[in-house]
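Written below as structure tokens is the structure these notes are about.
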Amino acid sequence: MNTKYIFITGGVVSSLGKGIISASLGKLLQARGFKVTIQKFDPYINIDPGTLNPYEHGECYVTADGMETDLDLGHYERFTGIHTTRENSITTGRIYKTVIDRERHGDYLGKTIQVVPHITDEIKRRMLRSDVKGEDLDFVITEVGGTIGDIESAPFMEAIRQLRWQLGRDAVCVHLTYVPYLKAAGELKTKPTQHSVKELQGMGIQPDILVLRTEKHLDDALRMKVASFCNVDLECVVQSEDLPSIYEVPVNMQRQGLDAAILRKIGIPVGETPAMKSWHDFLDKQRSAKREVHVALVGKYDLQDAYKSIRESLNLAGIYDEVKVKIHFVGSQGITRENVSEQLAGMAGIVICPGFGQRGIPGKIIAAEYARTHDIPCFGICLGMQMMVIEFARDVLNLEDADSSEMNPETPHNVIDLMEEQKNITQMGGTMRLGEYPCELRAGSRALEAYGTSSVRERHRHRYEFNNHYREAYEKAGMKCVGVNPEADLVEVVEIPTLRWYIGTQFHPEYSSTVLHPHPLFVSFVKACILQASDLARQ
Ligand code: GLN
């Protein structure tokens, strides 16, 4: 079968959950046995979101091949289990860079380079994944960031218009809009949707499917109204009501026949509705999870999306043990020696978050110390692991001025130091140690017990590392370097085996946790938190 292309655009307002709809659709097609990928095209000019402040853009997600990407790729991977790559996250910046580099190279000699056709051709090439070898995909789902009508997304819309025309039935357009409920009038309003579709039609794109986001159930009469105003079949007007969990969305979409409607549009026999048993088993567990376990997230960004993958990894790990992990954000800037016991009171576990720069560092170190000296399960991720290492040096190895050379380049005890390969780097974008690297785990370690295997591969995003010069001192004093990169000899995992659960990882396990396969370290951590919660309850 020819590869089919599904384009997903959004209208009316942002934050409607286009990423979740794209991921859900990917899941549903995958459940029908199709080979699928999902890609995101973002209209901003940064080459990637790696240099963006999480307050602007939420978490930066990292693919196995080392691309810093939009957090929606995290949803795609968590829902479908597929590994996305650098080809799945494209920005206007990358498109322009390719075209401008080509122009400088002389590839267009004699020609005036223009948005149409040069930029739009490059967008089309990437939407079609023409350069990606050996994929043999049945479906490519392309989500376009931003909202219809944005000036910067116009070239993407033009590319979709052209592709629709070129591909005929092999392309389908899904448009996500919003149906607000006006309390004062007691009515649901379809006008914004009509306007949004008109805008899309004005760009030459007729949507095939409309997904209406709504807080209240939409009845058939309202769907019929939208269908007739927007030239869309009734069965192609689907609603996406607020649900208790994003993981309910695929099932809700399947119930309304979203995937079946798409197959019909394309001309593929619909066949039986897949049972998706393991997904339903997961949802059953999620629904029956009543017991709450409280976990502190010690970080500096008080924004839901800033630690998206960590939050989801904790939630997913809990569900398999039928507990609800209640995450409490604790701003590290506000943690002091005096208030730490109050700030972390009642917590069955502590996660010390990744990050960069000075802000909130002392609070993270105090939290690590509190967890270690009170034997509270503690998971340090990347910068979090580095803070565990510094805290241990200061308090146990008696190196009072121990630090990371990121925070204090002059420290005499740089227990965390800039990696050799980073020393001559001056460019900021895309130059960290990124993506998957191997790690060997020590026999008898808790990390190995969690994974059940000694050779693992995990994703990275950092410039600093554990300084091997101090390794022996740590080992002797009880912080064990139980995970090491076999090629570069970099310390990847530290743990204190005498404690209930005290593990720091230089890598980011949160990027590879999925709905059907929550990450073993998160599973093991949450189990330790459950035990801790039981102890707390007994006290
Ligand atoms: N700032 C630290 C480093 O670059 C940690 C990075 C992170 O937490 N992702 O090594």
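Residues in the structure tokens are named by chain (A, B, ... in the order shown) and by number from 1 within that chain; ligands are numbered from 1 in the order shown.
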Which polymer residues have any atom within 9 Å of an atom of Ala473 in chain A, counting only C-alpha atoms, with same-chain residues fewer than 5 positions away left out, as a count of residues only? 3
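Using only C-alpha atoms, the residues found no farther than 10 Å from Leu128 in chain A, other than those of its own chain fewer than 6 positions away, are Thr3, Lys4, Tyr5, Glu122, Val140, Thr142 and Leu163 of chain A.
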Measuring between only C-alpha atoms and all ligand atoms, which one of A:Val515, A:Met428, A:Leu448, A:Leu176 shows the shortest distance to ligand 1? A:Met428
Determine, using only C-alpha atoms and all ligand atoms, which residues of chain A have any atom at most 8 Å from an atom of ligand 1, and tabulate each with its shortest atom pair and distance in Å to one decimal place, rows ordered by chain and then rising number, as JSON lines.
{"residue": "A:Cys353", "atom": "CA", "partner": "ligand 1", "partner_atom_place_in_ligand_line": "8 (O)", "distance": 7.0}
{"residue": "A:Pro354", "atom": "CA", "partner": "ligand 1", "partner_atom_place_in_ligand_line": "8 (O)", "distance": 3.3}
{"residue": "A:Gly355", "atom": "CA", "partner": "ligand 1", "partner_atom_place_in_ligand_line": "8 (O)", "distance": 4.0}
{"residue": "A:Phe356", "atom": "CA", "partner": "ligand 1", "partner_atom_place_in_ligand_line": "1 (N)", "distance": 3.9}
{"residue": "A:Gly357", "atom": "CA", "partner": "ligand 1", "partner_atom_place_in_ligand_line": "1 (N)", "distance": 6.4}
{"residue": "A:Ile381", "atom": "CA", "partner": "ligand 1", "partner_atom_place_in_ligand_line": "8 (O)", "distance": 6.7}
{"residue": "A:Cys382", "atom": "CA", "partner": "ligand 1", "partner_atom_place_in_ligand_line": "8 (O)", "distance": 4.1}
{"residue": "A:Leu383", "atom": "CA", "partner": "ligand 1", "partner_atom_place_in_ligand_line": "8 (O)", "distance": 3.8}
{"residue": "A:Gly384", "atom": "CA", "partner": "ligand 1", "partner_atom_place_in_ligand_line": "8 (O)", "distance": 6.7}
{"residue": "A:Gln386", "atom": "CA", "partner": "ligand 1", "partner_atom_place_in_ligand_line": "5 (C)", "distance": 7.3}
{"residue": "A:Glu406", "atom": "CA", "partner": "ligand 1", "partner_atom_place_in_ligand_line": "1 (N)", "distance": 6.9}
{"residue": "A:Leu418", "atom": "CA", "partner": "ligand 1", "partner_atom_place_in_ligand_line": "10 (O)", "distance": 7.5}
{"residue": "A:Met432", "atom": "CA", "partner": "ligand 1", "partner_atom_place_in_ligand_line": "4 (O)", "distance": 7.4}
{"residue": "A:His460", "atom": "CA", "partner": "ligand 1", "partner_atom_place_in_ligand_line": "9 (N)", "distance": 7.4}
{"residue": "A:Arg461", "atom": "CA", "partner": "ligand 1", "partner_atom_place_in_ligand_line": "9 (N)", "distance": 4.9}
{"residue": "A:His462", "atom": "CA", "partner": "ligand 1", "partner_atom_place_in_ligand_line": "4 (O)", "distance": 3.7}
{"residue": "A:Arg463", "atom": "CA", "partner": "ligand 1", "partner_atom_place_in_ligand_line": "4 (O)", "distance": 3.9}
{"residue": "A:Tyr464", "atom": "CA", "partner": "ligand 1", "partner_atom_place_in_ligand_line": "10 (O)", "distance": 3.5}
{"residue": "A:Glu465", "atom": "CA", "partner": "ligand 1", "partner_atom_place_in_ligand_line": "10 (O)", "distance": 6.1}
{"residue": "A:Gln506", "atom": "CA", "partner": "ligand 1", "partner_atom_place_in_ligand_line": "8 (O)", "distance": 7.9}
{"residue": "A:His508", "atom": "CA", "partner": "ligand 1", "partner_atom_place_in_ligand_line": "9 (N)", "distance": 7.7}
Only C-alpha atoms, please: the residues just picked out, written as an mmCIF file, in the first residue's frame.
data_model
loop_
_atom_site.group_PDB
_atom_site.id
_atom_site.type_symbol
_atom_site.label_atom_id
_atom_site.label_comp_id
_atom_site.auth_asym_id
_atom_site.auth_seq_id
_atom_site.Cartn_x
_atom_site.Cartn_y
_atom_site.Cartn_z
ATOM 1 C CA CYS A 353 14.720 17.434 38.719
ATOM 2 C CA PRO A 354 17.066 18.128 35.820
ATOM 3 C CA GLY A 355 18.050 21.684 35.037
ATOM 4 C CA PHE A 356 20.667 24.247 34.154
ATOM 5 C CA GLY A 357 22.227 27.244 35.854
ATOM 6 C CA ILE A 381 17.774 12.919 37.409
ATOM 7 C CA CYS A 382 20.660 14.521 35.497
ATOM 8 C CA LEU A 383 21.225 17.777 37.436
ATOM 9 C CA GLY A 384 19.383 16.024 40.288
ATOM 10 C CA GLN A 386 24.750 15.856 40.175
ATOM 11 C CA GLU A 406 28.875 24.699 36.077
ATOM 12 C CA LEU A 418 32.694 19.775 32.266
ATOM 13 C CA MET A 432 25.262 18.921 24.519
ATOM 14 C CA HIS A 460 21.141 12.076 27.644
ATOM 15 C CA ARG A 461 21.158 15.852 27.651
ATOM 16 C CA HIS A 462 24.054 17.344 29.567
ATOM 17 C CA ARG A 463 27.494 18.957 29.433
ATOM 18 C CA TYR A 464 28.833 18.056 32.883
ATOM 19 C CA GLU A 465 29.744 14.681 34.325
ATOM 20 C CA GLN A 506 23.045 11.130 34.643
ATOM 21 C CA HIS A 508 16.959 10.785 31.529
#
Do a neighbour search on Lys476 in chain A at 12 Å with only C-alpha atoms, toss out local chain neighbours closer than 4 positions, and write the hits as a PyMOL selection string. chain A and resi 396-397+470-472+480-481+496
Just list the residues in range 77-265 of chain A DSSP gives alpha helix (DSSP H) on the backbone, as a PyMOL selection string. chain A and resi 77-80+92-105+120-128+154-167+191-202+220-230+249-255+258-265
Which residue is closest to Leu73 in chain A? Choose from A:Val351, A:Leu167, A:Val211, A:Cys60 and count only C-alpha atoms.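 Looking only at the distances to Leu73 in chain A, the closest residue turns out to be A:Cys60.
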Taking only range 84-311 of chain A into account, list the residues labelled strand (DSSP E) by DSSP (computed from the backbone), as a VMD selection string. chain A and resid 89 to 91 139 to 144 171 to 178 181 to 182 187 to 188 209 to 214 237 to 241 291 to 299
Just to confirm, what's the straight-line distance from CA of Gly106 in chain A to CA of Asp131 in chain A in Å (one decimal)?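 Distance reported for this atom pair: 20.2 Å.
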Residues at most 8 Å from His294 in chain A, counting only C-alpha atoms, excluding those fewer than 4 positions away in the same chain, as JSON, numbers by chain? {"A": [325, 326, 327, 328, 346, 347, 348, 349, 533]}
Write out as a ChimeraX atom specification each polymer residue whose atoms come within 7 Å of range 154-160 of chain A, counting only C-alpha atoms; drop sequence neighbours fewer than 5 positions from it. /A:120,123-124
Can you write out the residues you just picked, keeping all heavy atoms, as a tab-separated table (two decimals), in the first residue's frame?
chain	number	residue	atom	x	y	z
A	120	THR	N	8.13	26.14	0.58
A	120	THR	CA	7.03	25.15	0.61
A	120	THR	C	7.49	23.80	0.05
A	120	THR	O	7.07	22.75	0.54
A	120	THR	CB	5.81	25.67	-0.18
A	120	THR	OG1	6.27	26.23	-1.42
A	120	THR	CG2	5.08	26.74	0.60
A	123	ILE	N	9.27	22.10	2.82
A	123	ILE	CA	8.29	21.60	3.81
A	123	ILE	C	7.65	20.31	3.29
A	123	ILE	O	7.55	19.31	4.00
A	123	ILE	CB	7.20	22.66	4.11
A	123	ILE	CG1	7.82	23.90	4.77
A	123	ILE	CG2	6.10	22.08	4.99
A	123	ILE	CD1	6.84	25.06	4.97
A	124	LYS	N	7.26	20.33	2.01
A	124	LYS	CA	6.62	19.14	1.43
A	124	LYS	C	7.54	17.92	1.47
A	124	LYS	O	7.13	16.81	1.81
A	124	LYS	CB	6.21	19.43	-0.02
A	124	LYS	CG	4.90	20.19	-0.12
A	124	LYS	CD	4.69	20.86	-1.45
A	124	LYS	CE	4.67	19.91	-2.62
A	124	LYS	NZ	4.54	20.64	-3.91
